[in-house]
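Chemist: Structure supplied as model.pdb; contents: PDB, C-alpha atoms, pLDDT in the B column.
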ATOM      1  CA  MET P  14       0.000   0.000   0.000  1.00 66.00           C
ATOM      2  CA  ARG P  15       1.377   3.400  -0.952  1.00 73.00           C
ATOM      3  CA  THR P  16       2.110   5.588   2.079  1.00 80.00           C
ATOM      4  CA  THR P  17       1.428   9.312   1.983  1.00 87.00           C
ATOM      5  CA  PRO P  18       2.235  11.930   4.635  1.00 88.00           C
ATOM      6  CA  PHE P  19      -1.443  11.752   5.670  1.00 88.00           C
ATOM      7  CA  THR P  20      -1.422   7.977   6.214  1.00 89.00           C
ATOM      8  CA  GLU P  21       1.896   8.235   8.038  1.00 87.00           C
ATOM      9  CA  SER P  22       0.465  10.869  10.416  1.00 88.00           C
ATOM     10  CA  ILE P  23      -2.605   8.675  11.018  1.00 88.00           C
ATOM     11  CA  ASP P  24      -0.325   5.732  11.697  1.00 87.00           C
ATOM     12  CA  LYS P  25       1.739   7.784  14.149  1.00 83.00           C
ATOM     13  CA  SER P  26      -1.399   9.025  15.961  1.00 83.00           C
ATOM     14  CA  MET P  27      -2.789   5.501  16.243  1.00 84.00           C
ATOM     15  CA  GLN P  28       0.503   4.220  17.639  1.00 80.00           C
ATOM     16  CA  SER P  29       0.642   6.981  20.240  1.00 79.00           C
ATOM     17  CA  ILE P  30      -3.015   6.476  21.269  1.00 78.00           C
ATOM     18  CA  PHE P  31      -2.621   2.705  21.651  1.00 80.00           C
ATOM     19  CA  ALA P  32       0.887   2.794  23.173  1.00 80.00           C
ATOM     20  CA  ILE P  33      -0.673   1.809  26.496  1.00 85.00           C
ATOM     21  CA  PRO P  34      -3.977  -0.050  27.016  1.00 86.00           C
ATOM     22  CA  PRO P  35      -6.989   1.989  28.229  1.00 87.00           C
ATOM     23  CA  ASN P  36      -7.585   2.170  31.968  1.00 88.00           C
ATOM     24  CA  ASP P  37      -9.662  -0.650  33.400  1.00 87.00           C
ATOM     25  CA  LEU P  38     -10.859  -0.623  37.007  1.00 91.00           C
ATOM     26  CA  HIS P  39     -12.076  -4.264  36.756  1.00 90.00           C
ATOM     27  CA  HIS P  40     -15.680  -3.194  37.390  1.00 91.00           C
ATOM     28  CA  LYS P  41     -17.907  -1.630  34.738  1.00 92.00           C
ATOM     29  CA  LEU P  42     -19.464   0.955  37.089  1.00 93.00           C
ATOM     30  CA  LEU P  43     -16.088   2.048  38.508  1.00 92.00           C
ATOM     31  CA  THR P  44     -14.580   2.273  35.013  1.00 93.00           C
ATOM     32  CA  ASN P  45     -17.521   4.412  33.830  1.00 93.00           C
ATOM     33  CA  TRP P  46     -17.196   6.713  36.863  1.00 92.00           C
ATOM     34  CA  TYR P  47     -13.465   7.019  36.266  1.00 92.00           C
ATOM     35  CA  LYS P  48     -14.016   8.002  32.614  1.00 91.00           C
ATOM     36  CA  LEU P  49     -16.772  10.445  33.647  1.00 91.00           C
ATOM     37  CA  ALA P  50     -14.519  12.077  36.232  1.00 90.00           C
ATOM     38  CA  THR P  51     -11.401  12.288  34.055  1.00 90.00           C
ATOM     39  CA  SER P  52     -12.881  13.317  30.699  1.00 89.00           C
ATOM     40  CA  PRO P  53     -13.287  17.031  31.701  1.00 87.00           C
ATOM     41  CA  LEU P  54      -9.686  17.044  32.927  1.00 88.00           C
ATOM     42  CA  LYS P  55      -8.314  15.989  29.547  1.00 83.00           C
ATOM     43  CA  ARG P  56      -9.134  19.224  27.701  1.00 81.00           C
ATOM     44  CA  MET P  57      -8.878  22.346  29.907  1.00 84.00           C
ATOM     45  CA  PRO P  58      -8.527  21.138  33.508  1.00 90.00           C
ATOM     46  CA  PHE P  59      -8.029  24.644  34.941  1.00 90.00           C
ATOM     47  CA  ILE P  60     -11.609  25.567  34.055  1.00 92.00           C
ATOM     48  CA  TYR P  61     -12.648  23.105  36.764  1.00 92.00           C
ATOM     49  CA  ILE P  62      -9.630  23.226  39.083  1.00 94.00           C
ATOM     50  CA  VAL P  63      -9.569  27.004  39.699  1.00 94.00           C
ATOM     51  CA  PRO P  64     -13.234  27.434  40.779  1.00 95.00           C
ATOM     52  CA  LEU P  65     -13.143  24.176  42.770  1.00 94.00           C
ATOM     53  CA  SER P  66      -9.979  25.210  44.629  1.00 95.00           C
ATOM     54  CA  LEU P  67     -11.466  28.651  45.376  1.00 95.00           C
ATOM     55  CA  GLY P  68     -14.626  26.961  46.642  1.00 95.00           C
ATOM     56  CA  ALA P  69     -12.588  24.533  48.744  1.00 94.00           C
ATOM     57  CA  SER P  70     -10.592  27.401  50.309  1.00 94.00           C
ATOM     58  CA  LEU P  71     -13.797  29.282  51.139  1.00 94.00           C
ATOM     59  CA  ALA P  72     -15.267  26.110  52.641  1.00 93.00           C
ATOM     60  CA  VAL P  73     -12.124  25.578  54.758  1.00 92.00           C
ATOM     61  CA  TYR P  74     -12.326  29.208  55.935  1.00 92.00           C
ATOM     62  CA  MET P  75     -16.009  28.782  56.869  1.00 92.00           C
ATOM     63  CA  LEU P  76     -15.226  25.577  58.785  1.00 92.00           C
ATOM     64  CA  PHE P  77     -11.930  26.435  60.472  1.00 89.00           C
ATOM     65  CA  GLY P  78     -11.890  30.244  60.478  1.00 84.00           C
ATOM     66  CA  GLN P  79      -8.646  31.649  61.834  1.00 85.00           C
ATOM     67  CA  LEU P  80      -6.726  28.388  61.399  1.00 90.00           C
ATOM     68  CA  ILE P  81      -6.471  29.069  57.665  1.00 91.00           C
ATOM     69  CA  ILE P  82      -4.640  32.311  58.401  1.00 91.00           C
ATOM     70  CA  GLN P  83      -2.147  30.510  60.649  1.00 91.00           C
ATOM     71  CA  LEU P  84      -1.708  27.816  57.982  1.00 91.00           C
ATOM     72  CA  VAL P  85      -1.009  30.437  55.310  1.00 93.00           C
ATOM     73  CA  SER P  86       1.539  32.157  57.565  1.00 91.00           C
ATOM     74  CA  LEU P  87       3.213  28.750  58.065  1.00 90.00           C
ATOM     75  CA  LEU P  88       3.208  27.937  54.340  1.00 92.00           C
ATOM     76  CA  GLN P  89       4.674  31.319  53.466  1.00 92.00           C
ATOM     77  CA  TYR P  90       7.725  30.392  55.535  1.00 89.00           C
ATOM     78  CA  GLY P  91       7.899  27.044  53.776  1.00 86.00           C
ATOM     79  CA  PHE P  92      10.056  27.862  50.748  1.00 82.00           C
TER
ATOM     80  CA  MET K  21       2.122  14.095  28.671  1.00 87.00           C
ATOM     81  CA  ARG K  22       1.521  11.318  26.141  1.00 86.00           C
ATOM     82  CA  ALA K  23       3.597  13.211  23.546  1.00 87.00           C
ATOM     83  CA  ILE K  24       6.287  13.995  26.126  1.00 89.00           C
ATOM     84  CA  SER K  25       6.597  10.298  27.029  1.00 88.00           C
ATOM     85  CA  GLN K  26       7.436   9.529  23.390  1.00 86.00           C
ATOM     86  CA  ASP K  27       9.813  12.469  22.992  1.00 88.00           C
ATOM     87  CA  THR K  28      13.560  11.961  22.626  1.00 88.00           C
ATOM     88  CA  ASP K  29      14.812  15.439  23.549  1.00 91.00           C
ATOM     89  CA  VAL K  30      16.156  15.111  27.114  1.00 92.00           C
ATOM     90  CA  MET K  31      17.452  18.692  27.002  1.00 94.00           C
ATOM     91  CA  GLN K  32      13.958  19.796  28.138  1.00 94.00           C
ATOM     92  CA  ALA K  33      14.427  17.882  31.394  1.00 95.00           C
ATOM     93  CA  PHE K  34      17.866  19.432  31.901  1.00 95.00           C
ATOM     94  CA  ILE K  35      16.381  22.918  31.410  1.00 96.00           C
ATOM     95  CA  ILE K  36      13.771  22.217  34.109  1.00 96.00           C
ATOM     96  CA  LEU K  37      16.409  20.861  36.513  1.00 95.00           C
ATOM     97  CA  THR K  38      18.607  23.904  35.817  1.00 96.00           C
ATOM     98  CA  ALA K  39      15.620  26.119  36.681  1.00 96.00           C
ATOM     99  CA  VAL K  40      15.369  24.252  39.999  1.00 95.00           C
ATOM    100  CA  VAL K  41      19.044  24.969  40.753  1.00 95.00           C
ATOM    101  CA  ILE K  42      18.632  28.643  39.788  1.00 96.00           C
ATOM    102  CA  TYR K  43      15.597  28.842  42.095  1.00 95.00           C
ATOM    103  CA  PHE K  44      17.597  27.645  45.126  1.00 94.00           C
ATOM    104  CA  PHE K  45      20.341  30.183  44.522  1.00 95.00           C
ATOM    105  CA  SER K  46      17.909  33.068  43.989  1.00 95.00           C
ATOM    106  CA  ALA K  47      15.683  32.103  46.947  1.00 93.00           C
ATOM    107  CA  ASN K  48      18.801  32.149  49.109  1.00 93.00           C
ATOM    108  CA  ASN K  49      18.957  35.906  48.467  1.00 92.00           C
ATOM    109  CA  PHE K  50      15.420  36.424  49.777  1.00 91.00           C
ATOM    110  CA  ARG K  51      15.975  34.403  52.930  1.00 89.00           C
ATOM    111  CA  PRO K  52      19.316  32.671  53.528  1.00 90.00           C
ATOM    112  CA  TYR K  53      19.136  28.913  53.891  1.00 88.00           C
ATOM    113  CA  THR K  54      20.805  27.104  56.787  1.00 88.00           C
ATOM    114  CA  HIS K  55      22.831  25.123  54.263  1.00 90.00           C
ATOM    115  CA  HIS K  56      24.446  26.178  50.989  1.00 92.00           C
ATOM    116  CA  PRO K  57      21.995  26.288  48.034  1.00 93.00           C
ATOM    117  CA  ALA K  58      24.357  24.077  46.016  1.00 94.00           C
ATOM    118  CA  LEU K  59      23.939  21.312  48.613  1.00 93.00           C
ATOM    119  CA  LEU K  60      20.155  21.761  48.626  1.00 93.00           C
ATOM    120  CA  SER K  61      20.052  21.658  44.799  1.00 94.00           C
ATOM    121  CA  PHE K  62      22.173  18.514  44.742  1.00 94.00           C
ATOM    122  CA  ILE K  63      19.968  16.772  47.334  1.00 93.00           C
ATOM    123  CA  THR K  64      16.796  17.864  45.491  1.00 94.00           C
ATOM    124  CA  ILE K  65      18.079  16.447  42.201  1.00 94.00           C
ATOM    125  CA  LEU K  66      18.996  13.221  44.026  1.00 94.00           C
ATOM    126  CA  HIS K  67      15.425  13.068  45.358  1.00 94.00           C
ATOM    127  CA  ILE K  68      14.002  13.561  41.873  1.00 94.00           C
ATOM    128  CA  LEU K  69      16.260  10.845  40.447  1.00 94.00           C
ATOM    129  CA  GLY K  70      15.317   8.620  43.382  1.00 95.00           C
ATOM    130  CA  THR K  71      11.627   9.110  42.577  1.00 95.00           C
ATOM    131  CA  MET K  72      12.247   8.142  38.941  1.00 95.00           C
ATOM    132  CA  LEU K  73      14.260   5.087  39.999  1.00 95.00           C
ATOM    133  CA  PHE K  74      11.593   4.028  42.493  1.00 95.00           C
ATOM    134  CA  PHE K  75       8.874   3.892  39.848  1.00 95.00           C
ATOM    135  CA  ALA K  76      11.239   2.389  37.259  1.00 94.00           C
ATOM    136  CA  LEU K  77      12.137  -0.367  39.739  1.00 92.00           C
ATOM    137  CA  PHE K  78       8.441  -0.904  40.482  1.00 91.00           C
ATOM    138  CA  THR K  79       7.819  -1.258  36.729  1.00 92.00           C
ATOM    139  CA  SER K  80      10.644  -3.723  36.180  1.00 91.00           C
ATOM    140  CA  LEU K  81       9.526  -5.820  39.195  1.00 89.00           C
ATOM    141  CA  SER K  82       5.887  -5.805  38.043  1.00 85.00           C
ATOM    142  CA  ASP K  83       6.587  -6.731  34.443  1.00 77.00           C
ATOM    143  CA  LYS K  84       9.749  -8.817  34.185  1.00 71.00           C
ATOM    144  CA  LYS K  85       9.402  -9.389  30.402  1.00 63.00           C
ATOM    145  CA  LYS K  86       9.451  -5.697  29.489  1.00 68.00           C
ATOM    146  CA  HIS K  87      12.738  -3.795  29.372  1.00 80.00           C
ATOM    147  CA  THR K  88      12.340  -0.518  31.259  1.00 84.00           C
ATOM    148  CA  HIS K  89      13.556   2.590  29.440  1.00 88.00           C
ATOM    149  CA  MET K  90      14.549   5.492  31.686  1.00 91.00           C
ATOM    150  CA  ARG K  91      14.055   8.332  29.188  1.00 93.00           C
ATOM    151  CA  PRO K  92      10.223   8.581  29.591  1.00 93.00           C
ATOM    152  CA  PHE K  93      10.680   8.598  33.386  1.00 94.00           C
ATOM    153  CA  PHE K  94      13.297  11.344  33.133  1.00 94.00           C
ATOM    154  CA  LEU K  95      11.154  13.539  30.877  1.00 95.00           C
ATOM    155  CA  LEU K  96       7.785  12.966  32.540  1.00 95.00           C
ATOM    156  CA  PHE K  97       8.918  13.350  36.142  1.00 95.00           C
ATOM    157  CA  SER K  98      10.882  16.483  35.218  1.00 95.00           C
ATOM    158  CA  TYR K  99       7.765  18.013  33.676  1.00 95.00           C
ATOM    159  CA  ALA K 100       5.846  17.045  36.831  1.00 95.00           C
ATOM    160  CA  LEU K 101       8.203  19.404  38.734  1.00 95.00           C
ATOM    161  CA  ILE K 102       6.746  22.479  37.005  1.00 96.00           C
ATOM    162  CA  PRO K 103       3.849  23.099  39.458  1.00 96.00           C
ATOM    163  CA  THR K 104       6.261  22.643  42.390  1.00 95.00           C
ATOM    164  CA  LEU K 105       8.695  25.121  40.867  1.00 96.00           C
ATOM    165  CA  ILE K 106       5.931  27.665  40.225  1.00 96.00           C
ATOM    166  CA  TRP K 107       4.669  27.355  43.823  1.00 96.00           C
ATOM    167  CA  PHE K 108       8.124  27.825  45.312  1.00 95.00           C
ATOM    168  CA  ILE K 109       8.970  30.789  43.039  1.00 96.00           C
ATOM    169  CA  VAL K 110       5.659  32.565  43.749  1.00 96.00           C
ATOM    170  CA  ASN K 111       6.010  31.796  47.457  1.00 95.00           C
ATOM    171  CA  SER K 112       9.514  33.268  47.599  1.00 94.00           C
ATOM    172  CA  TRP K 113       8.381  36.447  45.839  1.00 95.00           C
ATOM    173  CA  LEU K 114       5.305  36.767  48.075  1.00 94.00           C
ATOM    174  CA  PHE K 115       7.627  36.431  51.087  1.00 93.00           C
ATOM    175  CA  VAL K 116       9.421  39.559  49.867  1.00 93.00           C
ATOM    176  CA  LEU K 117       6.394  41.525  48.632  1.00 93.00           C
ATOM    177  CA  ILE K 118       3.835  40.563  51.325  1.00 91.00           C
ATOM    178  CA  PRO K 119       5.874  39.119  54.192  1.00 90.00           C
ATOM    179  CA  PRO K 120       4.143  36.882  56.740  1.00 87.00           C
ATOM    180  CA  PRO K 121       2.571  36.628  59.294  1.00 88.00           C
ATOM    181  CA  ARG K 122      -0.949  37.226  58.066  1.00 87.00           C
ATOM    182  CA  THR K 123      -3.371  39.176  60.249  1.00 86.00           C
ATOM    183  CA  LEU K 124      -7.062  38.836  61.005  1.00 89.00           C
ATOM    184  CA  SER K 125      -7.908  41.977  59.033  1.00 91.00           C
ATOM    185  CA  PHE K 126     -10.138  41.843  55.962  1.00 91.00           C
ATOM    186  CA  LEU K 127      -7.091  42.002  53.657  1.00 91.00           C
ATOM    187  CA  GLY K 128      -5.312  39.298  55.662  1.00 91.00           C
ATOM    188  CA  LYS K 129      -8.269  36.933  55.406  1.00 92.00           C
ATOM    189  CA  GLY K 130      -8.797  37.737  51.709  1.00 93.00           C
ATOM    190  CA  PHE K 131      -5.157  37.107  50.890  1.00 93.00           C
ATOM    191  CA  SER K 132      -5.176  33.867  52.928  1.00 94.00           C
ATOM    192  CA  ILE K 133      -8.186  32.535  50.987  1.00 94.00           C
ATOM    193  CA  LEU K 134      -6.614  33.466  47.634  1.00 95.00           C
ATOM    194  CA  TYR K 135      -3.266  31.984  48.629  1.00 95.00           C
ATOM    195  CA  MET K 136      -4.890  28.722  49.771  1.00 94.00           C
ATOM    196  CA  SER K 137      -6.906  28.451  46.535  1.00 95.00           C
ATOM    197  CA  PHE K 138      -3.714  29.082  44.518  1.00 96.00           C
ATOM    198  CA  SER K 139      -1.878  26.396  46.514  1.00 95.00           C
ATOM    199  CA  VAL K 140      -4.765  23.906  46.187  1.00 95.00           C
ATOM    200  CA  ALA K 141      -5.005  24.538  42.406  1.00 96.00           C
ATOM    201  CA  LEU K 142      -1.268  23.912  41.988  1.00 96.00           C
ATOM    202  CA  LEU K 143      -1.508  20.820  44.171  1.00 95.00           C
ATOM    203  CA  ALA K 144      -4.333  19.476  41.978  1.00 95.00           C
ATOM    204  CA  TRP K 145      -2.241  20.197  38.865  1.00 95.00           C
ATOM    205  CA  LYS K 146       0.748  18.455  40.470  1.00 96.00           C
ATOM    206  CA  MET K 147      -1.376  15.389  41.313  1.00 95.00           C
ATOM    207  CA  ILE K 148      -2.673  15.212  37.738  1.00 94.00           C
ATOM    208  CA  LEU K 149       0.857  15.479  36.311  1.00 95.00           C
ATOM    209  CA  ILE K 150       2.237  12.860  38.708  1.00 96.00           C
ATOM    210  CA  TYR K 151      -0.615  10.487  37.850  1.00 95.00           C
ATOM    211  CA  LEU K 152      -0.035  10.999  34.122  1.00 94.00           C
ATOM    212  CA  ALA K 153       3.753  10.683  34.530  1.00 95.00           C
ATOM    213  CA  ILE K 154       3.355   7.322  36.277  1.00 95.00           C
ATOM    214  CA  ARG K 155       0.674   6.205  33.811  1.00 94.00           C
ATOM    215  CA  TYR K 156       2.671   6.948  30.666  1.00 93.00           C
ATOM    216  CA  ALA K 157       6.089   5.976  32.023  1.00 93.00           C
ATOM    217  CA  THR K 158       5.068   2.687  33.613  1.00 92.00           C
ATOM    218  CA  GLY K 159       1.949   1.749  31.644  1.00 90.00           C
ATOM    219  CA  PHE K 160       0.216   0.839  34.923  1.00 91.00           C
ATOM    220  CA  GLN K 161      -3.546   0.733  35.358  1.00 92.00           C
ATOM    221  CA  PHE K 162      -5.374   2.930  37.908  1.00 93.00           C
ATOM    222  CA  PHE K 163      -5.199   0.731  41.029  1.00 93.00           C
ATOM    223  CA  ARG K 164      -1.545  -0.141  40.499  1.00 93.00           C
ATOM    224  CA  ILE K 165      -0.747   3.575  40.168  1.00 95.00           C
ATOM    225  CA  ALA K 166      -2.693   4.208  43.398  1.00 95.00           C
ATOM    226  CA  TYR K 167      -0.862   1.625  45.470  1.00 93.00           C
ATOM    227  CA  SER K 168       2.558   2.434  44.019  1.00 95.00           C
ATOM    228  CA  LEU K 169       1.908   6.078  44.988  1.00 95.00           C
ATOM    229  CA  PHE K 170       0.793   4.957  48.445  1.00 95.00           C
ATOM    230  CA  ILE K 171       4.040   3.023  48.956  1.00 95.00           C
ATOM    231  CA  TYR K 172       6.036   5.983  47.627  1.00 95.00           C
ATOM    232  CA  LEU K 173       4.303   8.402  50.027  1.00 95.00           C
ATOM    233  CA  ALA K 174       4.790   5.966  52.915  1.00 96.00           C
ATOM    234  CA  ILE K 175       8.551   6.333  52.322  1.00 95.00           C
ATOM    235  CA  VAL K 176       8.641  10.032  51.385  1.00 94.00           C
ATOM    236  CA  ILE K 177       6.522  11.493  54.192  1.00 93.00           C
ATOM    237  CA  PRO K 178       8.656  10.190  57.115  1.00 94.00           C
ATOM    238  CA  TYR K 179      11.784  11.004  55.098  1.00 92.00           C
ATOM    239  CA  SER K 180      10.539  14.596  54.599  1.00 92.00           C
ATOM    240  CA  LEU K 181       9.910  14.894  58.342  1.00 92.00           C
ATOM    241  CA  LEU K 182      13.487  13.719  58.911  1.00 92.00           C
ATOM    242  CA  LEU K 183      14.809  16.350  56.488  1.00 91.00           C
ATOM    243  CA  TYR K 184      12.740  19.006  58.270  1.00 90.00           C
ATOM    244  CA  SER K 185      14.078  17.914  61.671  1.00 91.00           C
ATOM    245  CA  ILE K 186      17.703  18.244  60.492  1.00 88.00           C
ATOM    246  CA  GLY K 187      16.970  21.660  58.979  1.00 85.00           C
ATOM    247  CA  LEU K 188      17.484  20.822  55.302  1.00 84.00           C
ATOM    248  CA  PHE K 189      14.013  21.519  53.879  1.00 84.00           C
ATOM    249  CA  ARG K 190      10.798  22.966  55.259  1.00 82.00           C
ATOM    250  CA  VAL K 191       8.438  21.966  52.456  1.00 83.00           C
ATOM    251  CA  PRO K 192      10.057  19.179  50.374  1.00 81.00           C
ATOM    252  CA  PHE K 193      10.779  20.082  46.768  1.00 85.00           C
ATOM    253  CA  LEU K 194       9.205  17.076  45.041  1.00 81.00           C
TER
END
Could you write out this file's structure as structure tokens?
Modeler:
Amino acid sequence: MRTTPFTESIDKSMQSIFAIPPNDLHHKLLTNWYKLATSPLKRMPFIYIVPLSLGASLAVYMLFGQLIIQLVSLLQYGF
Amino acid sequence: MRAISQDTDVMQAFIILTAVVIYFFSANNFRPYTHHPALLSFITILHILGTMLFFALFTSLSDKKKHTHMRPFFLLFSYALIPTLIWFIVNSWLFVLIPPPRTLSFLGKGFSILYMSFSVALLAWKMILIYLAIRYATGFQFFRIAYSLFIYLAIVIPYSLLLYSIGLFRVPFL
């Protein structure tokens, strides 16, 4: 079969996609949940990570109050 | 990360490790370390290589037929250092620009919330990169990645506490 640059690029893409087998959690429900959870992270994960981390920080502040300020002071000395 | 695992240019990894060394020397100017930054850089690079070797050894023990190549480990785990490097650089600059301790004022609380969300976002990014680095370097499935990480953390956490107790690192650069 004659190879063209297009078929070579397809071949290369297929090899990279199937370099490792797809993830399998040995249970259909768990595997479906895993794919559901990870599919948004494959494109632009920061769209989800930034609001979630802001929400988590606000939640921690609501729960623990002043402890977050002490933790931040501690972390700022951590470098 | 998939493309990086199949890359052959190891110079990228050397650039990232050089950035780590430059960070230690520049952070020393903001707040002098107890030990020389060259020693800290050397120990950090040893830790990074140790991490790569740990997972490479895990791979070779799990799958005895497959020959383990180190280049994907070197590239992927070096790229996984980027969130750590960003956090340390931003932290060192914030130490100079807005030195701790934080107060209970409105600005202090606001900054604390923003700083925590920034740290959590970078931690999430780091976890994603580490997961992908292990996935593409080792070829492991999800549960094997989880327990190999658990074993790794079981070694690293007490070791980090030891390093803190002897005054080498406060937050480990991993």
Chemist: Give me the residues within 12 Å of region 38-44 of chain P as a list in words, counting only C-alpha atoms and dropping any in the same chain fewer than 3 places off.
Modeler: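 Returned residues: Pro35, Tyr47, Lys48, Leu49, Ala50, Thr51 and Ser52 of chain P; Phe160, Gln161, Phe162, Phe163, Arg164, Ile165 and Ala166 of chain K.
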Chemist: Which residues, protein or nucleic acid, reach to within 7 Å of (10.7, 0.7, 31.0) in the file's coordinates when using all atoms listed in the file, and can you give that as a list in words?
Modeler: Ala76, Thr79, Ser80, Lys86, His87, Thr88, His89, Met90 and Thr158 of chain K
Chemist: P:Met57, P:Met75, P:Pro18, P:Asn36: which is nearest chain K, counting only C-alpha atoms?
Modeler: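 Closest to chain K of all the choices is P:Asn36.
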Chemist: On this structure, the PyMOL selection byres ((chain K) within 9 of (chain P)) would catch which residues? List them as a ChimeraX atom specification, sorted by chain and number.
Modeler: /K:22-23,26,47,107-109,111-112,114-115,119-124,128-129,131-142,144-145,148,155-156,159-163,189-193
Chemist: Pick from K:Leu117, K:Leu101, K:Ile186, K:Ile177: nearest to Ala33 (chain K), with all atoms listed in the file counted?
Modeler: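 Closest residue, counting all atoms listed in the file: K:Leu101.
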Chemist: Tell me which protein, DNA and RNA residues are within 8 Å of region 62-69 of chain K, counting only C-alpha atoms, leaving out same-chain ones fewer than 3 positions away, and put them as a list in words.
Modeler: Leu37, Ala58, Leu59, Met72, Leu73, Phe94, Phe97, Ser98, Phe193 and Leu194 of chain K
Chemist: Between CA of Asp83 (chain K) and CA of Tyr167 (chain K), what distance in Å does the model show, to one decimal?
Modeler: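 Computing the Euclidean distance for CA of Asp83 (chain K) and CA of Tyr167 (chain K) yields 15.7 Å.
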Chemist: At what distance in Å, to one decimal, does CA of Arg56 (chain P) lie from CA of Phe170 (chain K)?
Modeler: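 For CA of Phe170 (chain K) relative to CA of Arg56 (chain P), the distance reads 27.1 Å.
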Chemist: Could you work out how far CA of Phe50 (chain K) lies from CA of Pro178 (chain K), giving the answer in Å with one decimal?
Modeler: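 Computing it gives 28.1 Å between the two atoms.
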Chemist: What would region 110-121 of chain K look like with N, CA, C and O atoms restored, written as an mmCIF file, in the frame of the given file?
Modeler:
data_model
loop_
_atom_site.group_PDB
_atom_site.id
_atom_site.type_symbol
_atom_site.label_atom_id
_atom_site.label_comp_id
_atom_site.auth_asym_id
_atom_site.auth_seq_id
_atom_site.Cartn_x
_atom_site.Cartn_y
_atom_site.Cartn_z
ATOM 1 N N VAL K 110 6.680 31.588 43.343
ATOM 2 C CA VAL K 110 5.659 32.565 43.749
ATOM 3 C C VAL K 110 5.730 32.787 45.265
ATOM 4 O O VAL K 110 5.630 33.923 45.743
ATOM 5 N N ASN K 111 5.927 31.695 45.999
ATOM 6 C CA ASN K 111 6.010 31.796 47.457
ATOM 7 C C ASN K 111 7.185 32.662 47.894
ATOM 8 O O ASN K 111 7.059 33.491 48.805
ATOM 9 N N SER K 112 8.326 32.485 47.218
ATOM 10 C CA SER K 112 9.514 33.268 47.599
ATOM 11 C C SER K 112 9.299 34.755 47.290
ATOM 12 O O SER K 112 9.677 35.616 48.092
ATOM 13 N N TRP K 113 8.657 35.048 46.165
ATOM 14 C CA TRP K 113 8.381 36.447 45.839
ATOM 15 C C TRP K 113 7.334 37.048 46.773
ATOM 16 O O TRP K 113 7.447 38.213 47.168
ATOM 17 N N LEU K 114 6.325 36.272 47.137
ATOM 18 C CA LEU K 114 5.305 36.767 48.075
ATOM 19 C C LEU K 114 5.924 37.013 49.454
ATOM 20 O O LEU K 114 5.485 37.911 50.172
ATOM 21 N N PHE K 115 6.931 36.230 49.809
ATOM 22 C CA PHE K 115 7.627 36.431 51.087
ATOM 23 C C PHE K 115 8.286 37.804 51.127
ATOM 24 O O PHE K 115 8.340 38.456 52.170
ATOM 25 N N VAL K 116 8.770 38.241 49.955
ATOM 26 C CA VAL K 116 9.421 39.559 49.867
ATOM 27 C C VAL K 116 8.373 40.672 49.766
ATOM 28 O O VAL K 116 8.442 41.679 50.447
ATOM 29 N N LEU K 117 7.368 40.465 48.909
ATOM 30 C CA LEU K 117 6.394 41.525 48.632
ATOM 31 C C LEU K 117 5.358 41.668 49.756
ATOM 32 O O LEU K 117 5.006 42.782 50.129
ATOM 33 N N ILE K 118 4.851 40.547 50.258
ATOM 34 C CA ILE K 118 3.835 40.563 51.325
ATOM 35 C C ILE K 118 4.304 39.611 52.422
ATOM 36 O O ILE K 118 3.834 38.488 52.547
ATOM 37 N N PRO K 119 5.284 40.074 53.240
ATOM 38 C CA PRO K 119 5.874 39.119 54.192
ATOM 39 C C PRO K 119 4.875 38.654 55.251
ATOM 40 O O PRO K 119 4.012 39.417 55.668
ATOM 41 N N PRO K 120 5.015 37.393 55.671
ATOM 42 C CA PRO K 120 4.143 36.882 56.740
ATOM 43 C C PRO K 120 4.567 37.512 58.075
ATOM 44 O O PRO K 120 5.657 38.071 58.156
ATOM 45 N N PRO K 121 3.802 37.424 59.171
ATOM 46 C CA PRO K 121 2.571 36.628 59.294
ATOM 47 C C PRO K 121 1.337 37.395 58.809
ATOM 48 O O PRO K 121 1.355 38.619 58.720
#
